$ cat final-v1.cif   # mmCIF, C-alpha atoms, pLDDT in the B column; chains and numbers go by the auth columns
data_structure
loop_
_atom_site.group_PDB
_atom_site.id
_atom_site.type_symbol
_atom_site.label_atom_id
_atom_site.label_comp_id
_atom_site.label_asym_id
_atom_site.label_seq_id
_atom_site.Cartn_x
_atom_site.Cartn_y
_atom_site.Cartn_z
_atom_site.B_iso_or_equiv
_atom_site.auth_seq_id
_atom_site.auth_asym_id
ATOM 1 C CA MET A 1 -75.676 -31.774 -62.696 45.00 227 A
ATOM 2 C CA ARG A 2 -77.233 -30.258 -59.561 42.00 228 A
ATOM 3 C CA VAL A 3 -78.429 -26.651 -59.685 42.00 229 A
ATOM 4 C CA ILE A 4 -78.714 -24.651 -56.465 41.00 230 A
ATOM 5 C CA ARG A 5 -81.287 -21.914 -56.777 43.00 231 A
ATOM 6 C CA ASN A 6 -80.838 -20.318 -53.358 42.00 232 A
ATOM 7 C CA GLY A 7 -77.578 -18.364 -53.396 43.00 233 A
ATOM 8 C CA LEU A 8 -77.538 -17.956 -49.627 41.00 234 A
ATOM 9 C CA PHE A 9 -77.884 -21.700 -49.173 40.00 235 A
ATOM 10 C CA ALA A 10 -75.061 -22.310 -51.593 41.00 236 A
ATOM 11 C CA LEU A 11 -72.882 -19.794 -49.786 42.00 237 A
ATOM 12 C CA GLY A 12 -73.655 -21.397 -46.430 43.00 238 A
ATOM 13 C CA VAL A 13 -72.824 -24.882 -47.698 45.00 239 A
ATOM 14 C CA PHE A 14 -69.638 -23.659 -49.347 46.00 240 A
ATOM 15 C CA ALA A 15 -68.509 -21.634 -46.322 50.00 241 A
ATOM 16 C CA SER A 16 -69.055 -24.449 -43.825 56.00 242 A
ATOM 17 C CA ALA A 17 -67.591 -27.296 -45.857 60.00 243 A
ATOM 18 C CA PRO A 18 -63.918 -28.156 -45.328 63.00 244 A
ATOM 19 C CA ALA A 19 -61.607 -27.662 -48.283 69.00 245 A
ATOM 20 C CA PHE A 20 -61.032 -30.734 -50.412 78.00 246 A
ATOM 21 C CA GLY A 21 -58.706 -33.077 -48.600 80.00 247 A
ATOM 22 C CA GLN A 22 -58.929 -31.294 -45.249 86.00 248 A
ATOM 23 C CA ALA A 23 -60.446 -32.709 -42.104 88.00 249 A
ATOM 24 C CA PRO A 24 -63.482 -30.921 -40.677 87.00 250 A
ATOM 25 C CA PRO A 25 -62.706 -28.426 -37.912 87.00 251 A
ATOM 26 C CA PRO A 26 -62.769 -29.705 -34.335 89.00 252 A
ATOM 27 C CA PRO A 27 -66.008 -29.196 -32.422 87.00 253 A
ATOM 28 C CA LEU A 28 -66.612 -25.963 -30.541 84.00 254 A
ATOM 29 C CA ALA A 29 -65.438 -25.915 -26.923 82.00 255 A
ATOM 30 C CA VAL A 30 -68.918 -24.674 -26.022 84.00 256 A
ATOM 31 C CA PRO A 31 -71.241 -26.929 -28.037 85.00 257 A
ATOM 32 C CA ALA A 32 -74.343 -24.698 -27.954 89.00 258 A
ATOM 33 C CA PRO A 33 -73.284 -21.090 -27.357 93.00 259 A
ATOM 34 C CA THR A 34 -75.899 -18.440 -26.590 94.00 260 A
ATOM 35 C CA TYR A 35 -74.384 -15.204 -27.845 96.00 261 A
ATOM 36 C CA VAL A 36 -76.091 -12.159 -26.382 97.00 262 A
ATOM 37 C CA SER A 37 -75.365 -8.488 -26.731 97.00 263 A
ATOM 38 C CA VAL A 38 -76.184 -5.218 -25.071 97.00 264 A
ATOM 39 C CA VAL A 39 -75.753 -1.962 -26.975 98.00 265 A
ATOM 40 C CA GLN A 40 -76.514 1.207 -25.057 98.00 266 A
ATOM 41 C CA GLU A 41 -75.953 4.870 -25.735 98.00 267 A
ATOM 42 C CA VAL A 42 -76.291 8.269 -24.162 98.00 268 A
ATOM 43 C CA THR A 43 -76.198 11.681 -25.834 98.00 269 A
ATOM 44 C CA ILE A 44 -73.612 14.100 -24.467 97.00 270 A
ATOM 45 C CA ASN A 45 -73.535 17.852 -24.985 97.00 271 A
ATOM 46 C CA ARG A 46 -69.866 17.905 -25.918 96.00 272 A
ATOM 47 C CA SER A 47 -67.951 17.037 -29.070 97.00 273 A
ATOM 48 C CA ALA A 48 -66.850 13.438 -29.490 97.00 274 A
ATOM 49 C CA ALA A 49 -63.217 14.566 -29.299 97.00 275 A
ATOM 50 C CA ASP A 50 -63.859 16.332 -25.964 96.00 276 A
ATOM 51 C CA VAL A 51 -65.733 13.302 -24.629 97.00 277 A
ATOM 52 C CA TRP A 52 -62.953 10.921 -25.614 97.00 278 A
ATOM 53 C CA ALA A 53 -60.250 13.193 -24.232 96.00 279 A
ATOM 54 C CA ARG A 54 -62.021 13.095 -20.865 96.00 280 A
ATOM 55 C CA ILE A 55 -63.074 9.435 -20.486 96.00 281 A
ATOM 56 C CA GLY A 56 -61.261 7.496 -23.231 96.00 282 A
ATOM 57 C CA LYS A 57 -58.119 6.315 -21.462 97.00 283 A
ATOM 58 C CA TYR A 58 -58.100 2.588 -20.826 97.00 284 A
ATOM 59 C CA CYS A 59 -57.949 2.966 -17.029 97.00 285 A
ATOM 60 C CA ASP A 60 -60.498 5.813 -16.895 96.00 286 A
ATOM 61 C CA ILE A 61 -62.895 2.948 -16.116 97.00 287 A
ATOM 62 C CA THR A 62 -61.989 3.520 -12.456 96.00 288 A
ATOM 63 C CA GLU A 63 -63.773 6.858 -12.457 95.00 289 A
ATOM 64 C CA TRP A 64 -66.994 5.814 -14.192 95.00 290 A
ATOM 65 C CA LEU A 65 -67.421 2.145 -13.265 95.00 291 A
ATOM 66 C CA GLY A 66 -65.562 1.989 -9.965 94.00 292 A
ATOM 67 C CA PRO A 67 -63.005 -0.823 -10.036 96.00 293 A
ATOM 68 C CA SER A 68 -59.352 -0.248 -9.333 97.00 294 A
ATOM 69 C CA CYS A 69 -57.345 -0.430 -12.555 97.00 295 A
ATOM 70 C CA ALA A 70 -53.705 -1.084 -13.314 97.00 296 A
ATOM 71 C CA ILE A 71 -51.982 -1.513 -16.658 98.00 297 A
ATOM 72 C CA THR A 72 -50.221 -4.822 -16.055 98.00 298 A
ATOM 73 C CA ALA A 73 -48.719 -5.368 -19.521 98.00 299 A
ATOM 74 C CA GLY A 74 -48.083 -3.188 -22.542 97.00 300 A
ATOM 75 C CA VAL A 75 -48.665 0.542 -22.712 97.00 301 A
ATOM 76 C CA GLU A 76 -51.854 2.444 -21.769 95.00 302 A
ATOM 77 C CA GLY A 77 -53.974 2.979 -24.864 93.00 303 A
ATOM 78 C CA GLU A 78 -51.928 0.800 -27.215 96.00 304 A
ATOM 79 C CA LEU A 79 -53.045 -2.474 -28.785 97.00 305 A
ATOM 80 C CA GLY A 80 -52.178 -5.357 -26.520 97.00 306 A
ATOM 81 C CA ALA A 81 -52.317 -3.280 -23.335 98.00 307 A
ATOM 82 C CA VAL A 82 -53.610 -5.352 -20.443 98.00 308 A
ATOM 83 C CA ARG A 83 -55.600 -3.797 -17.626 98.00 309 A
ATOM 84 C CA THR A 84 -56.337 -5.648 -14.425 98.00 310 A
ATOM 85 C CA LEU A 85 -59.476 -4.563 -12.590 97.00 311 A
ATOM 86 C CA ASN A 86 -59.721 -5.045 -8.810 97.00 312 A
ATOM 87 C CA GLY A 87 -56.644 -7.252 -9.027 96.00 313 A
ATOM 88 C CA THR A 88 -58.630 -10.112 -10.600 95.00 314 A
ATOM 89 C CA THR A 89 -60.327 -9.250 -13.912 96.00 315 A
ATOM 90 C CA VAL A 90 -57.939 -9.164 -16.859 97.00 316 A
ATOM 91 C CA GLU A 91 -58.889 -7.287 -20.048 98.00 317 A
ATOM 92 C CA ILE A 92 -56.801 -6.972 -23.211 98.00 318 A
ATOM 93 C CA LEU A 93 -57.114 -4.026 -25.613 98.00 319 A
ATOM 94 C CA VAL A 94 -57.734 -5.747 -28.971 98.00 320 A
ATOM 95 C CA ALA A 95 -58.861 -2.855 -31.212 98.00 321 A
ATOM 96 C CA LYS A 96 -58.912 0.930 -31.153 97.00 322 A
ATOM 97 C CA THR A 97 -59.703 3.985 -33.222 98.00 323 A
ATOM 98 C CA PRO A 98 -59.165 7.654 -32.367 97.00 324 A
ATOM 99 C CA LEU A 99 -62.578 7.639 -30.583 98.00 325 A
ATOM 100 C CA SER A 100 -63.040 4.031 -29.412 98.00 326 A
ATOM 101 C CA TYR A 101 -61.502 0.892 -28.024 98.00 327 A
ATOM 102 C CA THR A 102 -62.483 -2.767 -27.836 98.00 328 A
ATOM 103 C CA TYR A 103 -61.310 -5.199 -25.204 98.00 329 A
ATOM 104 C CA THR A 104 -61.739 -8.876 -24.374 98.00 330 A
ATOM 105 C CA GLN A 105 -61.207 -11.117 -21.407 97.00 331 A
ATOM 106 C CA PRO A 106 -58.859 -14.099 -21.835 96.00 332 A
ATOM 107 C CA VAL A 107 -59.588 -17.781 -21.358 93.00 333 A
ATOM 108 C CA ARG A 108 -59.060 -18.929 -17.769 91.00 334 A
ATOM 109 C CA VAL A 109 -58.116 -22.363 -16.544 93.00 335 A
ATOM 110 C CA GLY A 110 -61.115 -24.185 -15.095 89.00 336 A
ATOM 111 C CA ALA A 111 -63.680 -21.619 -16.266 87.00 337 A
ATOM 112 C CA PRO A 112 -65.843 -21.792 -19.375 85.00 338 A
ATOM 113 C CA TYR A 113 -64.854 -19.232 -21.987 90.00 339 A
ATOM 114 C CA ASN A 114 -67.669 -16.740 -22.547 94.00 340 A
ATOM 115 C CA LEU A 115 -66.153 -14.767 -25.474 95.00 341 A
ATOM 116 C CA TYR A 116 -66.716 -11.500 -23.553 97.00 342 A
ATOM 117 C CA HIS A 117 -65.902 -8.370 -25.601 98.00 343 A
ATOM 118 C CA GLY A 118 -66.720 -4.736 -24.891 98.00 344 A
ATOM 119 C CA THR A 119 -66.459 -1.607 -27.013 98.00 345 A
ATOM 120 C CA LEU A 120 -66.617 1.972 -25.786 98.00 346 A
ATOM 121 C CA GLU A 121 -67.057 4.590 -28.507 98.00 347 A
ATOM 122 C CA ALA A 122 -67.594 8.359 -28.694 98.00 348 A
ATOM 123 C CA ARG A 123 -69.610 8.883 -31.863 98.00 349 A
ATOM 124 C CA PRO A 124 -69.928 12.425 -33.311 98.00 350 A
ATOM 125 C CA VAL A 125 -73.498 13.682 -33.860 98.00 351 A
ATOM 126 C CA THR A 126 -72.828 17.390 -34.485 98.00 352 A
ATOM 127 C CA ALA A 127 -69.796 19.589 -33.917 97.00 353 A
ATOM 128 C CA LYS A 128 -70.919 20.094 -30.307 96.00 354 A
ATOM 129 C CA THR A 129 -72.760 16.870 -29.448 97.00 355 A
ATOM 130 C CA SER A 130 -71.964 13.187 -29.488 98.00 356 A
ATOM 131 C CA LYS A 131 -73.229 9.804 -28.452 98.00 357 A
ATOM 132 C CA LEU A 132 -71.312 7.613 -26.118 98.00 358 A
ATOM 133 C CA VAL A 133 -71.979 3.989 -27.118 98.00 359 A
ATOM 134 C CA TYR A 134 -71.125 0.926 -25.035 98.00 360 A
ATOM 135 C CA SER A 135 -71.463 -2.453 -26.754 98.00 361 A
ATOM 136 C CA LEU A 136 -71.036 -5.820 -25.059 98.00 362 A
ATOM 137 C CA ILE A 137 -71.186 -9.328 -26.475 98.00 363 A
ATOM 138 C CA TRP A 138 -70.716 -12.607 -24.640 97.00 364 A
ATOM 139 C CA ASP A 139 -71.873 -16.207 -24.431 97.00 365 A
ATOM 140 C CA ASN A 140 -74.062 -16.928 -21.430 95.00 366 A
ATOM 141 C CA SER A 141 -74.893 -20.521 -22.358 95.00 367 A
ATOM 142 C CA MET A 142 -73.117 -21.806 -19.263 93.00 368 A
ATOM 143 C CA LEU A 143 -75.917 -20.393 -17.102 95.00 369 A
ATOM 144 C CA PRO A 144 -78.516 -22.951 -16.014 95.00 370 A
ATOM 145 C CA ASP A 145 -81.617 -21.688 -17.835 96.00 371 A
ATOM 146 C CA ALA A 146 -83.283 -18.899 -19.819 96.00 372 A
ATOM 147 C CA ALA A 147 -84.270 -17.006 -16.651 98.00 373 A
ATOM 148 C CA ALA A 148 -80.677 -16.948 -15.413 97.00 374 A
ATOM 149 C CA ARG A 149 -79.449 -15.847 -18.843 97.00 375 A
ATOM 150 C CA GLU A 150 -81.990 -13.005 -18.935 97.00 376 A
ATOM 151 C CA LYS A 151 -81.059 -11.932 -15.390 98.00 377 A
ATOM 152 C CA ASP A 152 -77.382 -11.891 -16.401 97.00 378 A
ATOM 153 C CA LYS A 153 -78.121 -9.748 -19.468 97.00 379 A
ATOM 154 C CA ALA A 154 -80.377 -7.349 -17.528 98.00 380 A
ATOM 155 C CA GLY A 155 -77.765 -6.955 -14.795 97.00 381 A
ATOM 156 C CA ARG A 156 -75.060 -6.033 -17.274 97.00 382 A
ATOM 157 C CA ALA A 157 -77.414 -3.635 -19.076 97.00 383 A
ATOM 158 C CA THR A 158 -78.216 -1.880 -15.790 98.00 384 A
ATOM 159 C CA ARG A 159 -74.576 -1.677 -14.723 97.00 385 A
ATOM 160 C CA PHE A 160 -73.295 -0.308 -18.022 97.00 386 A
ATOM 161 C CA MET A 161 -76.171 2.168 -18.446 98.00 387 A
ATOM 162 C CA ALA A 162 -75.255 3.559 -15.032 98.00 388 A
ATOM 163 C CA ALA A 163 -71.645 3.812 -16.243 97.00 389 A
ATOM 164 C CA LEU A 164 -72.750 5.737 -19.359 98.00 390 A
ATOM 165 C CA GLU A 165 -74.793 8.138 -17.217 98.00 391 A
ATOM 166 C CA LYS A 166 -71.785 8.669 -14.941 97.00 392 A
ATOM 167 C CA MET A 167 -69.568 9.384 -17.968 97.00 393 A
ATOM 168 C CA LYS A 168 -72.141 11.904 -19.216 97.00 394 A
ATOM 169 C CA THR A 169 -72.103 13.657 -15.841 97.00 395 A
ATOM 170 C CA ILE A 170 -68.301 13.696 -15.729 96.00 396 A
ATOM 171 C CA VAL A 171 -67.943 15.125 -19.228 96.00 397 A
ATOM 172 C CA GLU A 172 -70.791 17.666 -19.076 95.00 398 A
ATOM 173 C CA SER A 173 -69.755 18.977 -15.666 93.00 399 A
ATOM 174 C CA ASN A 174 -66.303 19.747 -17.039 79.00 400 A
ATOM 175 C CA ALA A 175 -64.834 17.799 -14.154 58.00 401 A
ATOM 176 C CA LEU A 176 -61.089 18.046 -14.296 50.00 402 A
ATOM 177 C CA ARG A 177 -59.068 14.880 -14.760 55.00 403 A
ATOM 178 C CA ARG A 178 -57.702 13.608 -11.469 48.00 404 A
#

$ encode --input "final-v1.cif" --output "structure tokens"
Amino acid sequence: MRVIRNGLFALGVFASAPAFGQAPPPPLAVPAPTYVSVVQEVTINRSAADVWARIGKYCDITEWLGPSCAITAGVEGELGAVRTLNGTTVEILVAKTPLSYTYTQPVRVGAPYNLYHGTLEARPVTAKTSKLVYSLIWDNSMLPDAAAREKDKAGRATRFMAALEKMKTIVESNALRR
């Protein structure tokens, strides 16, 4: 009888092994993914509910990030809604709460799938303040080297931090919705 002393090891072996009589899963489409993430936040001097009411619609991205946006399938703000940015980038709403949403980009023919997901969340801090948090995760293994992967990550971090700052300005200035 073999005794496994390391519970984590045992869990890992158990979790990765196919069930008795089943074939192992097919290989990953991307054999060596490099999952990276960027999580950024900004404090806003408004309640989370006020923040979300002002910038939380799925196509509000036009105002704080700049692309044109059209709901091309489903209903604005509902699971499964599809927004198309600048007529080319497709994003599907895959999760939502009263103060957040998460989206992904679909697989495209002829392009490596990068698992891109983004979450925008208004997180309450006090009754009158909140944090706006933007989280991104994607696979940048298709880039040629570590320098290119770091440049990609830094570029996204810069772009989305600028978007958070713009959202802060919009909300704190009490700018009326267009």

$ residues_around --input "final-v1.cif" --residues "segment 339-356 of chain A" --least-positions-apart "3" --cutoff "7 Å" --atoms "all atoms listed in the file" --output "list of chain:residue names"
A:Thr269, A:Ile270, A:Asn271, A:Arg272, A:Ser273, A:Ala274, A:Val277, A:Trp278, A:Leu325, A:Ser326, A:Tyr327, A:Thr328, A:Tyr329, A:Thr330, A:Gln331, A:Val333, A:Val359, A:Tyr360, A:Ser361, A:Leu362, A:Ile363, A:Trp364, A:Asp365, A:Asn366

$ write_last_selection --input "final-v1.cif" --atoms "C-alpha atoms" --output "JSON list (two decimals), keeping the file's coordinate frame"
[["chain", "number", "residue", "atom", "x", "y", "z"],
["A", 269, "THR", "CA", -76.20, 11.68, -25.83],
["A", 270, "ILE", "CA", -73.61, 14.10, -24.47],
["A", 271, "ASN", "CA", -73.54, 17.85, -24.98],
["A", 272, "ARG", "CA", -69.87, 17.90, -25.92],
["A", 273, "SER", "CA", -67.95, 17.04, -29.07],
["A", 274, "ALA", "CA", -66.85, 13.44, -29.49],
["A", 277, "VAL", "CA", -65.73, 13.30, -24.63],
["A", 278, "TRP", "CA", -62.95, 10.92, -25.61],
["A", 325, "LEU", "CA", -62.58, 7.64, -30.58],
["A", 326, "SER", "CA", -63.04, 4.03, -29.41],
["A", 327, "TYR", "CA", -61.50, 0.89, -28.02],
["A", 328, "THR", "CA", -62.48, -2.77, -27.84],
["A", 329, "TYR", "CA", -61.31, -5.20, -25.20],
["A", 330, "THR", "CA", -61.74, -8.88, -24.37],
["A", 331, "GLN", "CA", -61.21, -11.12, -21.41],
["A", 333, "VAL", "CA", -59.59, -17.78, -21.36],
["A", 359, "VAL", "CA", -71.98, 3.99, -27.12],
["A", 360, "TYR", "CA", -71.12, 0.93, -25.04],
["A", 361, "SER", "CA", -71.46, -2.45, -26.75],
["A", 362, "LEU", "CA", -71.04, -5.82, -25.06],
["A", 363, "ILE", "CA", -71.19, -9.33, -26.48],
["A", 364, "TRP", "CA", -70.72, -12.61, -24.64],
["A", 365, "ASP", "CA", -71.87, -16.21, -24.43],
["A", 366, "ASN", "CA", -74.06, -16.93, -21.43]]

$ closest_residue --input "final-v1.cif" --among "A:Ala388, A:Ala372, A:Val264, A:Val320" --to "Leu305 of chain A" --atoms "only C-alpha atoms"
A:Val320

$ residues_around --input "final-v1.cif" --residues "Thr310 of chain A" --least-positions-apart "5" --cutoff "6 Å" --atoms "only C-alpha atoms" --output "JSON, numbers by chain"
{"A": [295, 296, 315, 316]}

$ closest_residue --input "final-v1.cif" --among "A:Ala255, A:Leu369, A:Leu311, A:Ala389" --to "Leu291 of chain A" --atoms "only C-alpha atoms"
A:Ala389

$ closest_residue --input "final-v1.cif" --among "A:Arg382, A:Gly282, A:Asn312, A:Ala307" --to "Ser294 of chain A" --atoms "only C-alpha atoms"
A:Asn312

$ atom_distance --input "final-v1.cif" --atom1 "atom CA of Tyr261 of chain A" --atom2 "atom CA of Thr298 of chain A"
28.8 Å

$ atom_distance --input "final-v1.cif" --atom1 "atom CA of Asp378 of chain A" --atom2 "atom CA of Gln266 of chain A"
15.7 Å

$ closest_residue --input "final-v1.cif" --among "A:Val265, A:Val308, A:Ala299, A:Ile396" --to "Tyr284 of chain A" --atoms "only C-alpha atoms"
A:Val308

$ atom_distance --input "final-v1.cif" --atom1 "atom CA of Cys285 of chain A" --atom2 "atom CA of Ser399 of chain A"
19.9 Å

$ closest_residue --input "final-v1.cif" --among "A:Ala373, A:Met393, A:Met368, A:Met387" --to "Ala258 of chain A" --atoms "all atoms listed in the file"
A:Met368

$ closest_residue --input "final-v1.cif" --among "A:Leu390, A:Val301, A:Ala275, A:Val256" --to "Leu358 of chain A" --atoms "only C-alpha atoms"
A:Leu390
